[in-house]
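Here's structure-v8.pdb, which has PDB, C-alpha atoms, pLDDT in the B column:
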```pdb
ATOM      1  CA  VAL A   1     -40.812 -45.517  20.581  1.00 61.00           C
ATOM      2  CA  GLN A   2     -42.930 -45.376  23.750  1.00 61.00           C
ATOM      3  CA  ARG A   3     -44.538 -41.985  23.321  1.00 71.00           C
ATOM      4  CA  GLY A   4     -46.816 -41.007  26.132  1.00 73.00           C
ATOM      5  CA  ASN A   5     -45.037 -43.224  28.667  1.00 75.00           C
ATOM      6  CA  ILE A   6     -44.356 -41.116  31.752  1.00 77.00           C
ATOM      7  CA  ASN A   7     -42.465 -42.493  34.719  1.00 80.00           C
ATOM      8  CA  ILE A   8     -42.431 -40.226  37.760  1.00 82.00           C
ATOM      9  CA  TRP A   9     -41.415 -41.248  41.240  1.00 81.00           C
ATOM     10  CA  LEU A  10     -42.179 -39.536  44.506  1.00 86.00           C
ATOM     11  CA  SER A  11     -40.096 -40.515  47.493  1.00 88.00           C
ATOM     12  CA  ASP A  12     -41.721 -41.956  50.594  1.00 88.00           C
ATOM     13  CA  SER A  13     -40.866 -38.779  52.507  1.00 90.00           C
ATOM     14  CA  ALA A  14     -42.598 -36.647  49.836  1.00 88.00           C
ATOM     15  CA  ILE A  15     -45.705 -38.825  50.041  1.00 88.00           C
ATOM     16  CA  SER A  16     -45.761 -38.583  53.832  1.00 89.00           C
ATOM     17  CA  LYS A  17     -45.449 -34.767  53.650  1.00 89.00           C
ATOM     18  CA  TRP A  18     -48.066 -34.347  50.867  1.00 89.00           C
ATOM     19  CA  GLN A  19     -50.825 -33.193  53.224  1.00 88.00           C
ATOM     20  CA  ASN A  20     -50.324 -30.306  55.614  1.00 84.00           C
ATOM     21  CA  THR A  21     -50.544 -31.178  59.307  1.00 77.00           C
ATOM     22  CA  GLU A  22     -49.575 -27.760  60.699  1.00 77.00           C
ATOM     23  CA  LYS A  23     -52.125 -25.262  61.974  1.00 75.00           C
ATOM     24  CA  HIS A  24     -51.658 -21.672  60.862  1.00 72.00           C
ATOM     25  CA  GLY A  25     -52.978 -20.200  64.118  1.00 71.00           C
ATOM     26  CA  GLY A  26     -55.299 -17.696  62.460  1.00 73.00           C
ATOM     27  CA  ARG A  27     -58.997 -17.699  61.794  1.00 78.00           C
ATOM     28  CA  GLY A  28     -60.431 -19.950  59.138  1.00 70.00           C
ATOM     29  CA  ARG A  29     -59.540 -23.286  57.738  1.00 67.00           C
ATOM     30  CA  SER A  30     -55.928 -24.517  57.598  1.00 67.00           C
ATOM     31  CA  ASN A  31     -54.259 -25.440  54.339  1.00 77.00           C
ATOM     32  CA  HIS A  32     -54.999 -29.029  53.347  1.00 83.00           C
ATOM     33  CA  TYR A  33     -51.917 -29.514  51.146  1.00 88.00           C
ATOM     34  CA  SER A  34     -48.314 -28.801  52.027  1.00 88.00           C
ATOM     35  CA  ASP A  35     -46.090 -26.352  50.182  1.00 88.00           C
ATOM     36  CA  LEU A  36     -44.198 -29.373  48.832  1.00 90.00           C
ATOM     37  CA  ALA A  37     -47.348 -30.718  47.158  1.00 91.00           C
ATOM     38  CA  ILE A  38     -48.199 -27.363  45.602  1.00 91.00           C
ATOM     39  CA  GLU A  39     -44.642 -26.781  44.357  1.00 93.00           C
ATOM     40  CA  THR A  40     -44.516 -30.299  42.883  1.00 92.00           C
ATOM     41  CA  CYS A  41     -47.750 -29.711  40.981  1.00 92.00           C
ATOM     42  CA  LEU A  42     -46.715 -26.282  39.729  1.00 94.00           C
ATOM     43  CA  THR A  43     -43.360 -27.633  38.562  1.00 94.00           C
ATOM     44  CA  SER A  44     -45.163 -30.363  36.620  1.00 92.00           C
ATOM     45  CA  ARG A  45     -47.419 -27.702  35.150  1.00 94.00           C
ATOM     46  CA  ALA A  46     -44.419 -25.705  33.929  1.00 95.00           C
ATOM     47  CA  VAL A  47     -42.678 -28.765  32.472  1.00 93.00           C
ATOM     48  CA  PHE A  48     -45.697 -30.138  30.599  1.00 92.00           C
ATOM     49  CA  HIS A  49     -47.379 -26.759  29.782  1.00 94.00           C
ATOM     50  CA  LEU A  50     -50.737 -27.770  31.283  1.00 93.00           C
ATOM     51  CA  PRO A  51     -53.672 -25.587  32.321  1.00 95.00           C
ATOM     52  CA  LEU A  52     -54.654 -25.939  35.979  1.00 92.00           C
ATOM     53  CA  ARG A  53     -57.674 -28.176  35.310  1.00 93.00           C
ATOM     54  CA  ALA A  54     -55.617 -30.587  33.205  1.00 93.00           C
ATOM     55  CA  LEU A  55     -52.859 -30.533  35.816  1.00 92.00           C
ATOM     56  CA  GLU A  56     -55.272 -31.690  38.507  1.00 92.00           C
ATOM     57  CA  GLY A  57     -56.316 -34.697  36.417  1.00 92.00           C
ATOM     58  CA  PHE A  58     -52.717 -35.436  35.449  1.00 91.00           C
ATOM     59  CA  VAL A  59     -51.486 -35.471  39.053  1.00 91.00           C
ATOM     60  CA  ASN A  60     -54.501 -37.516  40.190  1.00 91.00           C
ATOM     61  CA  SER A  61     -53.735 -40.117  37.502  1.00 89.00           C
ATOM     62  CA  LEU A  62     -50.078 -40.266  38.571  1.00 88.00           C
ATOM     63  CA  LEU A  63     -51.054 -40.745  42.210  1.00 89.00           C
ATOM     64  CA  THR A  64     -53.503 -43.484  41.176  1.00 90.00           C
ATOM     65  CA  MET A  65     -50.772 -45.264  39.201  1.00 86.00           C
ATOM     66  CA  MET A  66     -48.511 -45.035  42.264  1.00 87.00           C
ATOM     67  CA  ASP A  67     -51.306 -46.614  44.333  1.00 88.00           C
ATOM     68  CA  ALA A  68     -51.084 -43.700  46.776  1.00 86.00           C
ATOM     69  CA  SER A  69     -54.222 -42.734  48.645  1.00 87.00           C
ATOM     70  CA  LEU A  70     -53.672 -39.024  47.944  1.00 86.00           C
ATOM     71  CA  GLN A  71     -55.336 -36.421  45.754  1.00 85.00           C
ATOM     72  CA  SER A  72     -53.897 -33.477  43.892  1.00 85.00           C
ATOM     73  CA  PRO A  73     -54.526 -29.927  45.075  1.00 85.00           C
ATOM     74  CA  SER A  74     -57.556 -28.452  43.342  1.00 81.00           C
TER      75      SER A  74
END
```
Give the structure from this file in structure tokens form.
Amino acid sequence: VQRGNINIWLSDSAISKWQNTEKHGGRGRSNHYSDLAIETCLTSRAVFHLPLRALEGFVNSLLTMMDASLQSPS
């Protein structure tokens, strides 16, 4: 009956590990997002059959609904 209603929860530990805090030690800029964040997004992409641009908007809308001050990997 409630088509389009998506409930997804991220644990507090997943939210705290969303952004990468480790330095890679090489030249250049470090990764901004953790492997957990990228794997979560790519799993959502596979489940919902989304192109990458739509996935970014989808994950951003989920994080906004969760009232988390995070952004999806671009």
**OP:** Excluding range 34-49 of chain A and residues on its chain fewer than 4 positions from it, collect all residues at most 12 Å away from it, counting all atoms listed in the file, and give them as a ChimeraX atom specification.
**Re:** /A:4,6,8-11,13-24,30,53-60,62-63,70-74
Original post:
So how many Å separate CA of Met66 in chain A and CA of Asn7 in chain A, to one decimal?
Top reply: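 Going from CA of Met66 in chain A over to CA of Asn7 in chain A, I get 10.0 Å.
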Around all the atoms of range 29-40 of chain A listed in the file, draw an axis-aligned box and extend it by 4 Å on each of the six sides; I want its centre and edge lengths in Å to one decimal, as JSON.
```
{"center_x": -51.9, "center_y": -27.0, "center_z": 50.3, "size_x": 23.3, "size_y": 15.4, "size_z": 22.9}
```
